[in-house]
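Okay, structure first, notes after.
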Amino acid sequence: RQFSVMKSNGTKLKLSRVVCLTGVMVIGTVFTCILFRLSVGAFYLHVFLPYRTWKNAKLFEEANPISIPILHHPTHAAFLPFRDKLWPVLMKNITSNWPALRLWNPDFLSQTIGPDSKILMHWGNIEQGPAASHEAVTWEQFANLVQLFEKGTPVGWPFGSPYYAESYEMMQASPPLWEDVNHLAWFPFEEYPDLETCLWVGAAGAVTGLHADPEQTNILFHIHGKKRFFLSSPVHTPNMYVSSKWDDNAKISAVDPFHWDKQQYPNFANVKWYTIDLQPGDALFVPSGWWHYTQVFTASTSLSVRPITAWVRWLNAYAEVTEHLHDLGWWHPQHDCTCHAPLNHTSAALPGFQPARNEERHLKGRCAV
């Protein structure tokens with residue numbers, strides 16, 4: 001009987017060892033798979049994609065020395081060669097049947113989304129400007145600000161014009177907006193399981209600073225107003241004076257293109273630019289790594305769409321992890337980025353304007369187009 005008990009205890013000990021060893025192996029395998037995925041994503045984002053983009057950009061500049069190609073009312077199939085070669089292209093009249101073209105002004109968006117809905121508004125050039133340039137306002141207040149700046153920038157106003165840029169959540173929270181863009185049916189959903197969107201609304205005089213986004217496919221659909229787009233290829237990155245400022249894996253130039261210091265940044269004069277004046281109904285494909293900044297002449301609305309394939313979603317794990325780590329303060333300091341800053345009361349300085357009460361929180365979730 002004693003022998004049977006010892007044998008039973010020995011069997012249990014062996015089983016516990018096997019279970020522990022199996023658990024360690026499973027955890028090790030999972031950790032290895034995660035590390036492999038993140039390593040592949042980092043290599044793709046920081047090595048493979050930039051090299052491929054730079055190589056194709058040289059070919060693009062040789063073939064298109066003056067202006068970028070234009071496609072009139074193209075199908076998605078006609079766009080694919082440009083996507084695959086990472087060549088920018090302007091597509092005309094691509095959204096002529098969108099109700100958004102006649103509806104999406106700031107007042108309409110305010111009424112549709114909700115006049116009392118809180119949004120995060122940005123002042124001036126936050127890429128090259130100070131970090132603390134964000135304010136919480138209601139949609140109605142923002143629409144009033146846009147109307148105010150349409151009459152001209154107030155005399156002596158030092159903070160630039162306001163704009164709003166918000167990612168996927170805003171479109172998801174307002175289903176009627178999807179109907180106004182025909183549910184983005186131009187994109188074949190069998191090829192793109194996910195579409196990331198960024199709604200951009202700006203007052204006259206609003207700008208986005210000089211930067212280069214990492215997304216492989218980024219199409220800006222211009223819906224309302226007049227907007228000028230300045231585009232430069234990755235070939236000119238050595239002359240861009242890349243800043244250390246964090247912007248969700250995007251590159252930011254230290255040069256303010258609107259107030260360029262020629263003595264501090266002399267090589268910036270060697271950068272070649274393509275200038276595109278966007279009209280409602282236009283769509284501009286901005287490939288990964290292409291530098292750009294924008295200037296608004298009248299109150300404008302744009303929708304940036306980033307179609308995501310299953311393969312790109314798998315690779316994006318690295319970017320998503322670094323973004324979450326940055327939110328936690330573990331990846332790049334939050335005092336040197338475009339996405340975290342104490343909210344302020346800048347609009348209180350405008351005569352007769354009553355700003356919303358800002359909660360004690362930090363900005364997160366902006367996107368630039």
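Identifiers in this document derive from the order of the structure tokens: chains are assigned A, B, ..., residues are numbered from 1 separately in each chain, and ligands are numbered from 1 in order of occurrence.
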*Write out as a ChimeraX atom specification all residues of segment 31-174 of chain A that DSSP puts in strand (DSSP E or B) for this structure's backbone.*
/A:70-72,89-92,118-123,134-138,162-166
*asked:* So that I can check the secondary structure, give me every residue of segment 147-340 of chain A assigned alpha helix (DSSP H) by backbone DSSP, as an MDAnalysis selection string.
replied: chainID A and resid 147:150 168:173 175:180 310:315 317:327
Could you please take those selected residues and save N, CA, C and O atoms as a compact mmCIF listing (two decimals), in the first residue's frame?
```txt
# COMPACT_ATOMS: atom_id res chain seq x y z
N GLN A 147 -16.83 80.59 -38.83
CA GLN A 147 -17.53 81.71 -39.46
C GLN A 147 -16.84 83.04 -39.15
O GLN A 147 -16.72 83.91 -40.01
N LEU A 148 -16.34 83.17 -37.92
CA LEU A 148 -15.63 84.39 -37.54
C LEU A 148 -14.36 84.58 -38.36
O LEU A 148 -14.08 85.68 -38.86
N PHE A 149 -13.57 83.50 -38.53
CA PHE A 149 -12.31 83.60 -39.27
C PHE A 149 -12.54 83.70 -40.78
O PHE A 149 -11.62 84.09 -41.50
N GLU A 150 -13.74 83.37 -41.24
CA GLU A 150 -14.04 83.52 -42.66
C GLU A 150 -14.04 85.00 -43.05
O GLU A 150 -13.79 85.35 -44.20
N TYR A 168 -11.28 57.84 -36.75
CA TYR A 168 -12.36 56.92 -37.04
C TYR A 168 -13.59 57.09 -36.16
O TYR A 168 -14.71 56.93 -36.61
N GLU A 169 -13.41 57.45 -34.88
CA GLU A 169 -14.51 57.44 -33.94
C GLU A 169 -15.64 58.39 -34.33
O GLU A 169 -16.81 58.09 -34.14
N MET A 170 -15.29 59.56 -34.88
CA MET A 170 -16.32 60.53 -35.22
C MET A 170 -17.24 60.01 -36.31
O MET A 170 -18.47 60.14 -36.24
N MET A 171 -16.70 59.39 -37.34
CA MET A 171 -17.53 58.84 -38.40
C MET A 171 -18.39 57.69 -37.89
O MET A 171 -19.54 57.54 -38.27
N GLN A 172 -17.81 56.87 -37.01
CA GLN A 172 -18.56 55.74 -36.46
C GLN A 172 -19.71 56.23 -35.59
O GLN A 172 -20.77 55.59 -35.54
N ALA A 173 -19.51 57.33 -34.89
CA ALA A 173 -20.55 57.83 -33.98
C ALA A 173 -21.67 58.55 -34.71
O ALA A 173 -22.70 58.86 -34.12
N PRO A 175 -23.66 57.74 -38.01
CA PRO A 175 -23.98 56.93 -39.20
C PRO A 175 -24.47 57.74 -40.40
O PRO A 175 -24.15 57.35 -41.54
N PRO A 176 -25.23 58.85 -40.23
CA PRO A 176 -25.65 59.61 -41.41
C PRO A 176 -24.48 60.11 -42.26
O PRO A 176 -24.63 60.28 -43.48
N LEU A 177 -23.33 60.34 -41.64
CA LEU A 177 -22.18 60.82 -42.39
C LEU A 177 -21.70 59.78 -43.40
O LEU A 177 -21.21 60.10 -44.48
N TRP A 178 -21.83 58.50 -43.05
CA TRP A 178 -21.44 57.43 -43.97
C TRP A 178 -22.32 57.42 -45.21
O TRP A 178 -21.87 57.14 -46.32
N GLU A 179 -23.60 57.73 -45.02
CA GLU A 179 -24.52 57.79 -46.17
C GLU A 179 -24.13 58.94 -47.10
O GLU A 179 -24.27 58.83 -48.33
N ASP A 180 -23.63 60.03 -46.52
CA ASP A 180 -23.24 61.19 -47.34
C ASP A 180 -22.03 60.92 -48.22
O ASP A 180 -21.77 61.65 -49.18
N ALA A 310 -5.55 42.99 -44.91
CA ALA A 310 -5.26 42.08 -43.80
C ALA A 310 -3.75 42.05 -43.51
O ALA A 310 -3.32 42.00 -42.35
N TRP A 311 -2.92 42.10 -44.56
CA TRP A 311 -1.47 42.06 -44.40
C TRP A 311 -0.96 43.33 -43.72
O TRP A 311 -0.14 43.27 -42.81
N VAL A 312 -1.49 44.47 -44.13
CA VAL A 312 -1.08 45.73 -43.51
C VAL A 312 -1.54 45.78 -42.05
O VAL A 312 -0.82 46.27 -41.18
N ARG A 313 -2.72 45.27 -41.77
CA ARG A 313 -3.20 45.22 -40.39
C ARG A 313 -2.26 44.38 -39.53
O ARG A 313 -1.98 44.72 -38.38
N TRP A 314 -1.77 43.27 -40.09
CA TRP A 314 -0.84 42.41 -39.34
C TRP A 314 0.46 43.18 -39.06
O TRP A 314 0.99 43.14 -37.97
N LEU A 315 0.94 43.91 -40.05
CA LEU A 315 2.19 44.66 -39.89
C LEU A 315 2.03 45.85 -38.94
O LEU A 315 2.99 46.26 -38.30
N ALA A 317 0.85 46.10 -36.16
CA ALA A 317 0.92 45.82 -34.72
C ALA A 317 2.04 46.62 -34.06
O ALA A 317 1.87 47.13 -32.95
N TYR A 318 3.16 46.74 -34.75
CA TYR A 318 4.29 47.50 -34.19
C TYR A 318 3.90 48.95 -33.95
O TYR A 318 4.15 49.51 -32.87
N ALA A 319 3.26 49.58 -34.93
CA ALA A 319 2.87 50.98 -34.79
C ALA A 319 1.84 51.15 -33.68
O ALA A 319 1.89 52.13 -32.92
N GLU A 320 0.91 50.20 -33.57
CA GLU A 320 -0.11 50.29 -32.53
C GLU A 320 0.49 50.14 -31.14
O GLU A 320 0.10 50.83 -30.20
N VAL A 321 1.45 49.22 -31.01
CA VAL A 321 2.09 49.00 -29.71
C VAL A 321 2.88 50.25 -29.30
O VAL A 321 2.80 50.70 -28.15
N THR A 322 3.66 50.82 -30.22
CA THR A 322 4.43 52.02 -29.88
C THR A 322 3.51 53.19 -29.53
O THR A 322 3.84 54.01 -28.65
N GLU A 323 2.37 53.27 -30.21
CA GLU A 323 1.41 54.33 -29.90
C GLU A 323 0.86 54.17 -28.47
O GLU A 323 0.77 55.14 -27.71
N HIS A 324 0.51 52.93 -28.10
CA HIS A 324 0.00 52.69 -26.74
C HIS A 324 1.08 52.95 -25.69
O HIS A 324 0.80 53.50 -24.62
N LEU A 325 2.29 52.54 -26.00
CA LEU A 325 3.40 52.80 -25.07
C LEU A 325 3.63 54.29 -24.89
O LEU A 325 3.94 54.76 -23.79
N HIS A 326 3.48 55.04 -25.98
CA HIS A 326 3.62 56.50 -25.88
C HIS A 326 2.52 57.08 -25.01
O HIS A 326 2.76 57.99 -24.20
N ASP A 327 1.29 56.56 -25.16
CA ASP A 327 0.18 57.05 -24.32
C ASP A 327 0.47 56.82 -22.84
O ASP A 327 0.04 57.61 -21.98
```
_So that I can see what lies close to Leu90 of chain A, please list as a PyMOL selection string the residues with an atom at most 8 Å from it, counting only C-alpha atoms and leaving out residues fewer than 2 positions away in the same chain._
chain A and resi 68-71+88+92+282-285
For all heavy atoms, I'd like the residues from the last selection saved as a PDB file, in the first residue's frame.
```pdb
ATOM      1  N   ILE A  68       2.109  66.421 -60.851  1.00  0.00           N
ATOM      2  CA  ILE A  68       1.732  65.026 -60.644  1.00  0.00           C
ATOM      3  C   ILE A  68       0.655  64.634 -61.658  1.00  0.00           C
ATOM      4  O   ILE A  68      -0.084  65.489 -62.158  1.00  0.00           O
ATOM      5  CB  ILE A  68       1.239  64.783 -59.204  1.00  0.00           C
ATOM      6  CG1 ILE A  68      -0.098  65.477 -58.961  1.00  0.00           C
ATOM      7  CG2 ILE A  68       2.261  65.254 -58.179  1.00  0.00           C
ATOM      8  CD1 ILE A  68      -0.735  65.074 -57.650  1.00  0.00           C
ATOM      9  N   PRO A  69       0.540  63.351 -61.980  1.00  0.00           N
ATOM     10  CA  PRO A  69      -0.467  62.907 -62.954  1.00  0.00           C
ATOM     11  C   PRO A  69      -1.887  63.179 -62.459  1.00  0.00           C
ATOM     12  O   PRO A  69      -2.138  63.264 -61.257  1.00  0.00           O
ATOM     13  CB  PRO A  69      -0.205  61.402 -63.070  1.00  0.00           C
ATOM     14  CG  PRO A  69       1.171  61.197 -62.539  1.00  0.00           C
ATOM     15  CD  PRO A  69       1.387  62.253 -61.506  1.00  0.00           C
ATOM     16  N   ILE A  70      -2.802  63.289 -63.418  1.00  0.00           N
ATOM     17  CA  ILE A  70      -4.215  63.529 -63.107  1.00  0.00           C
ATOM     18  C   ILE A  70      -5.058  62.454 -63.788  1.00  0.00           C
ATOM     19  O   ILE A  70      -4.879  62.156 -64.973  1.00  0.00           O
ATOM     20  CB  ILE A  70      -4.669  64.919 -63.593  1.00  0.00           C
ATOM     21  CG1 ILE A  70      -3.874  66.016 -62.877  1.00  0.00           C
ATOM     22  CG2 ILE A  70      -6.163  65.116 -63.359  1.00  0.00           C
ATOM     23  CD1 ILE A  70      -4.207  67.421 -63.362  1.00  0.00           C
ATOM     24  N   LEU A  71      -5.967  61.863 -63.044  1.00  0.00           N
ATOM     25  CA  LEU A  71      -6.941  60.916 -63.576  1.00  0.00           C
ATOM     26  C   LEU A  71      -8.324  61.537 -63.446  1.00  0.00           C
ATOM     27  O   LEU A  71      -8.663  62.091 -62.402  1.00  0.00           O
ATOM     28  CB  LEU A  71      -6.904  59.592 -62.805  1.00  0.00           C
ATOM     29  CG  LEU A  71      -5.606  58.779 -62.845  1.00  0.00           C
ATOM     30  CD1 LEU A  71      -5.749  57.526 -61.985  1.00  0.00           C
ATOM     31  CD2 LEU A  71      -5.245  58.401 -64.274  1.00  0.00           C
ATOM     32  N   PRO A  88       2.189  59.421 -56.296  1.00  0.00           N
ATOM     33  CA  PRO A  88       1.021  60.270 -56.023  1.00  0.00           C
ATOM     34  C   PRO A  88       0.224  60.517 -57.291  1.00  0.00           C
ATOM     35  O   PRO A  88       0.781  60.522 -58.405  1.00  0.00           O
ATOM     36  CB  PRO A  88       1.640  61.561 -55.494  1.00  0.00           C
ATOM     37  CG  PRO A  88       3.026  61.584 -56.062  1.00  0.00           C
ATOM     38  CD  PRO A  88       3.457  60.149 -56.145  1.00  0.00           C
ATOM     39  N   LYS A  92      -9.745  63.481 -60.290  1.00  0.00           N
ATOM     40  CA  LYS A  92     -10.769  64.515 -60.420  1.00  0.00           C
ATOM     41  C   LYS A  92     -12.162  63.896 -60.523  1.00  0.00           C
ATOM     42  O   LYS A  92     -12.355  62.832 -61.118  1.00  0.00           O
ATOM     43  CB  LYS A  92     -10.503  65.367 -61.664  1.00  0.00           C
ATOM     44  CG  LYS A  92      -9.087  65.952 -61.754  1.00  0.00           C
ATOM     45  CD  LYS A  92      -8.902  67.089 -60.782  1.00  0.00           C
ATOM     46  CE  LYS A  92      -9.636  68.322 -61.193  1.00  0.00           C
ATOM     47  NZ  LYS A  92      -9.352  69.471 -60.299  1.00  0.00           N
ATOM     48  N   ASP A 282     -12.260  66.510 -55.658  1.00  0.00           N
ATOM     49  CA  ASP A 282     -10.923  65.975 -55.934  1.00  0.00           C
ATOM     50  C   ASP A 282     -10.514  64.973 -54.857  1.00  0.00           C
ATOM     51  O   ASP A 282     -10.959  65.050 -53.709  1.00  0.00           O
ATOM     52  CB  ASP A 282      -9.886  67.099 -55.964  1.00  0.00           C
ATOM     53  CG  ASP A 282     -10.038  68.008 -57.160  1.00  0.00           C
ATOM     54  OD1 ASP A 282     -10.813  67.653 -58.072  1.00  0.00           O
ATOM     55  OD2 ASP A 282      -9.388  69.075 -57.180  1.00  0.00           O
ATOM     56  N   ALA A 283      -9.633  64.060 -55.253  1.00  0.00           N
ATOM     57  CA  ALA A 283      -9.038  63.117 -54.302  1.00  0.00           C
ATOM     58  C   ALA A 283      -7.551  63.019 -54.622  1.00  0.00           C
ATOM     59  O   ALA A 283      -7.170  62.841 -55.777  1.00  0.00           O
ATOM     60  CB  ALA A 283      -9.700  61.747 -54.393  1.00  0.00           C
ATOM     61  N   LEU A 284      -6.727  63.127 -53.599  1.00  0.00           N
ATOM     62  CA  LEU A 284      -5.273  63.109 -53.773  1.00  0.00           C
ATOM     63  C   LEU A 284      -4.685  61.912 -53.041  1.00  0.00           C
ATOM     64  O   LEU A 284      -4.882  61.762 -51.832  1.00  0.00           O
ATOM     65  CB  LEU A 284      -4.663  64.402 -53.240  1.00  0.00           C
ATOM     66  CG  LEU A 284      -3.137  64.523 -53.317  1.00  0.00           C
ATOM     67  CD1 LEU A 284      -2.665  64.537 -54.765  1.00  0.00           C
ATOM     68  CD2 LEU A 284      -2.669  65.794 -52.593  1.00  0.00           C
ATOM     69  N   PHE A 285      -3.957  61.083 -53.783  1.00  0.00           N
ATOM     70  CA  PHE A 285      -3.269  59.954 -53.171  1.00  0.00           C
ATOM     71  C   PHE A 285      -1.888  60.413 -52.714  1.00  0.00           C
ATOM     72  O   PHE A 285      -1.074  60.865 -53.518  1.00  0.00           O
ATOM     73  CB  PHE A 285      -3.136  58.803 -54.163  1.00  0.00           C
ATOM     74  CG  PHE A 285      -2.236  57.685 -53.698  1.00  0.00           C
ATOM     75  CD1 PHE A 285      -2.357  57.132 -52.427  1.00  0.00           C
ATOM     76  CD2 PHE A 285      -1.243  57.186 -54.536  1.00  0.00           C
ATOM     77  CE1 PHE A 285      -1.517  56.118 -52.001  1.00  0.00           C
ATOM     78  CE2 PHE A 285      -0.403  56.160 -54.121  1.00  0.00           C
ATOM     79  CZ  PHE A 285      -0.534  55.633 -52.850  1.00  0.00           C
TER      80      PHE A 285
END
```
_atom CA of Val137 of chain A to atom CA of His345 of chain A, straight-line distance in Å_ =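 So the two atoms, atom CA of His345 of chain A and atom CA of Val137 of chain A, lie 9.4 Å apart.
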Select from segment 23-78 of chain A every residue with an atom at most 7 Å from any atom of segment 229-244 of chain A, then for each give the shortest pair of atoms and their distance in Å to one decimal, using only C-alpha atoms, rows by chain and rising number, as JSON lines.
```
{"residue": "A:Trp54", "atom": "CA", "partner": "A:Pro234", "partner_atom": "CA", "distance": 5.4}
{"residue": "A:Ala57", "atom": "CA", "partner": "A:Ser233", "partner_atom": "CA", "distance": 6.0}
{"residue": "A:Lys58", "atom": "CA", "partner": "A:Val235", "partner_atom": "CA", "distance": 6.6}
```
